[in-house]
Amino acid sequence: MTDAIAVRDHYQAAIEDRAALLARIAAAVDALEPPIDARKLAPLDQFHMGGLAATAVVAERARPARGEAVLDAGSGLGGPARYLAETFGCQVEGVDLSPDYVAIARLLTDRAGLSDRVSLSEGDLLHLPFDDARFDLVWTQHVAMNIADRPGLYRELRRVLKPGGRLVFYDPVAADDHPDLTYPVPWAQTARTSTLLTIAETSTALADAGFDAIAIDDVTEAALGWAAQQGLPTQSAMNAGMVVGARMAGMAANFMLNLREGRVRLGLGVAAARQGAAA
């Protein structure tokens, strides 16, 4: 089994019947009072520490503009992609490794009336199906830690960015001495599919891949505040547990334990694609 398949299977582990799950999600969304917007879908589709509040902060760093072409790299259930389209009028293409997540994301996008601004497809971030210099902005949240070939990832993201385009990311990062984590965590059952770089190592990898103006902040304490804004996991009919299953509680508890013990940090960064040819 390749690492990519192991990552995909981790996220899809609780999905036994895609059609039945899509029907449940459709029923839950259809029960919401219109309009269907980012706030109402957030308990389900903002699958990262801090939820929608974190996405809003990442957007402040990204500075998206109306009509910009955005790649949501590792788009998951499509929450951030729809937020960017709804809030800023961007044209967003999302790519995710999991076909089940892509199917859910397409359903939610249709229900939100955003299919003209958001397209979602299955794909590998190391081999993107886009021409060079396609995007103004590449956006990624809680994705890079699943990709061992970090130099290859950053080279590919640089390739599809226009010169001067921006990469913005919000990811778990390693503490400086690379302590071991307590598993499972939301992104991995074991260390096999978890690759954490420190902030300094991330900056070096980005520079080597063709990025300049690299600025990465440790936002761990702020992210805990965003998570507090998000509140406790909802017990409503629509929440991330519909997709991740009962194991979500234990994985989230381990994530918080690792944060409290300083085994993992959270980094928010932005970098500009270097002018000239990609690395």
# chains A, B, ... in the order shown; residues from 1 in each chain; ligands from 1
$ residues_around --residues "Ile104 (chain A)" --least-positions-apart "3" --cutoff "7 Å" --atoms "only C-alpha atoms" --output "count of residues only"
6
$ select_by_dssp --residues "region 58-143 of chain A" --states "alpha helix (DSSP H)" --output "list in words"
Val58, Ala59, Glu60, Arg61, Ala62, Gly79, Pro80, Ala81, Arg82, Tyr83, Leu84, Ala85, Glu86, Thr87, Phe88, Pro99, Asp100, Tyr101, Val102, Ala103, Ile104, Ala105, Arg106, Leu107, Leu108, Thr109, Asp110 and Arg111 of chain A
$ residues_around --residues "region 177-184 of chain A" --least-positions-apart "6" --cutoff "8 Å" --atoms "only C-alpha atoms" --output "ChimeraX atom specification"
/A:190-191,198,250-251,254-255,257-258,263-264
$ write_last_selection --atoms "N, CA, C and O atoms" --output "mmCIF file, in the first residue's frame"
data_model
loop_
_atom_site.group_PDB
_atom_site.id
_atom_site.type_symbol
_atom_site.label_atom_id
_atom_site.label_comp_id
_atom_site.auth_asym_id
_atom_site.auth_seq_id
_atom_site.Cartn_x
_atom_site.Cartn_y
_atom_site.Cartn_z
ATOM 1 N N THR A 190 -1.048 6.570 12.546
ATOM 2 C CA THR A 190 0.299 6.309 13.035
ATOM 3 C C THR A 190 1.258 7.312 12.408
ATOM 4 O O THR A 190 0.884 8.093 11.522
ATOM 5 N N ALA A 191 2.505 7.242 12.814
ATOM 6 C CA ALA A 191 3.518 8.149 12.272
ATOM 7 C C ALA A 191 3.792 7.907 10.797
ATOM 8 O O ALA A 191 4.389 8.766 10.129
ATOM 9 N N THR A 198 9.466 21.508 11.154
ATOM 10 C CA THR A 198 9.449 22.707 11.981
ATOM 11 C C THR A 198 9.177 23.922 11.097
ATOM 12 O O THR A 198 9.217 23.845 9.861
ATOM 13 N N GLY A 250 -11.703 10.693 19.952
ATOM 14 C CA GLY A 250 -10.393 10.290 20.441
ATOM 15 C C GLY A 250 -9.255 10.944 19.697
ATOM 16 O O GLY A 250 -8.248 11.343 20.304
ATOM 17 N N MET A 251 -9.389 11.087 18.391
ATOM 18 C CA MET A 251 -8.338 11.731 17.609
ATOM 19 C C MET A 251 -8.215 13.204 17.985
ATOM 20 O O MET A 251 -7.101 13.729 18.114
ATOM 21 N N ASN A 254 -6.446 13.537 21.332
ATOM 22 C CA ASN A 254 -4.996 13.367 21.206
ATOM 23 C C ASN A 254 -4.342 14.599 20.594
ATOM 24 O O ASN A 254 -3.218 14.970 20.970
ATOM 25 N N PHE A 255 -5.001 15.222 19.630
ATOM 26 C CA PHE A 255 -4.485 16.457 19.039
ATOM 27 C C PHE A 255 -4.308 17.507 20.131
ATOM 28 O O PHE A 255 -3.253 18.156 20.247
ATOM 29 N N LEU A 257 -4.008 17.009 23.342
ATOM 30 C CA LEU A 257 -2.959 16.554 24.257
ATOM 31 C C LEU A 257 -1.585 16.890 23.690
ATOM 32 O O LEU A 257 -0.709 17.408 24.400
ATOM 33 N N ASN A 258 -1.379 16.618 22.412
ATOM 34 C CA ASN A 258 -0.097 16.928 21.770
ATOM 35 C C ASN A 258 0.182 18.421 21.779
ATOM 36 O O ASN A 258 1.329 18.849 21.975
ATOM 37 N N ARG A 263 4.137 18.922 21.748
ATOM 38 C CA ARG A 263 4.632 17.963 20.767
ATOM 39 C C ARG A 263 4.333 18.404 19.331
ATOM 40 O O ARG A 263 4.965 17.936 18.382
ATOM 41 N N VAL A 264 3.345 19.246 19.170
ATOM 42 C CA VAL A 264 2.986 19.766 17.859
ATOM 43 C C VAL A 264 2.601 21.234 18.031
ATOM 44 O O VAL A 264 2.131 21.640 19.104
#
$ closest_atom_pairs --of "region 93-189 of chain A" --to "region 57-73 of chain A" --cutoff "6 Å" --atoms "only C-alpha atoms" --output "JSON lines"
{"residue": "A:Glu93", "atom": "CA", "partner": "A:Leu71", "partner_atom": "CA", "distance": 5.0}
{"residue": "A:Gly94", "atom": "CA", "partner": "A:Asp72", "partner_atom": "CA", "distance": 4.5}
{"residue": "A:Val95", "atom": "CA", "partner": "A:Ala73", "partner_atom": "CA", "distance": 5.5}
{"residue": "A:Phe135", "atom": "CA", "partner": "A:Ala69", "partner_atom": "CA", "distance": 5.0}
{"residue": "A:Asp136", "atom": "CA", "partner": "A:Ala69", "partner_atom": "CA", "distance": 5.4}
{"residue": "A:Leu137", "atom": "CA", "partner": "A:Val70", "partner_atom": "CA", "distance": 4.8}
{"residue": "A:Val138", "atom": "CA", "partner": "A:Leu71", "partner_atom": "CA", "distance": 4.8}
{"residue": "A:Trp139", "atom": "CA", "partner": "A:Asp72", "partner_atom": "CA", "distance": 4.9}
{"residue": "A:Thr140", "atom": "CA", "partner": "A:Ala73", "partner_atom": "CA", "distance": 5.2}
{"residue": "A:Val168", "atom": "CA", "partner": "A:Ala62", "partner_atom": "CA", "distance": 5.8}
$ closest_residue --among "A:Ala271, A:Leu125, A:Ala14, A:Leu266" --to "Asp212 (chain A)" --atoms "only C-alpha atoms"
A:Ala271
$ atom_distance --atom1 "CA of Arg18 (chain A)" --atom2 "CA of Thr55 (chain A)"
26.9 Å
$ residues_around --residues "Arg155 (chain A)" --least-positions-apart "3" --cutoff "9 Å" --atoms "only C-alpha atoms" --output "VMD selection string"
chain A and resid 126 150 to 152 158 to 160 206 208 to 210 278 to 279
$ residues_around --residues "Leu21 (chain A)" --least-positions-apart "5" --cutoff "10 Å" --atoms "only C-alpha atoms" --output "list of chain:residue names"
A:Ile15, A:Glu16, A:Ala26, A:Ala27, A:Asp100, A:Ile104, A:Met242, A:Val243
$ closest_residue --among "A:Ser194, A:Asn146, A:Ser75, A:Thr220" --to "Ala54 (chain A)" --atoms "only C-alpha atoms"
A:Thr220
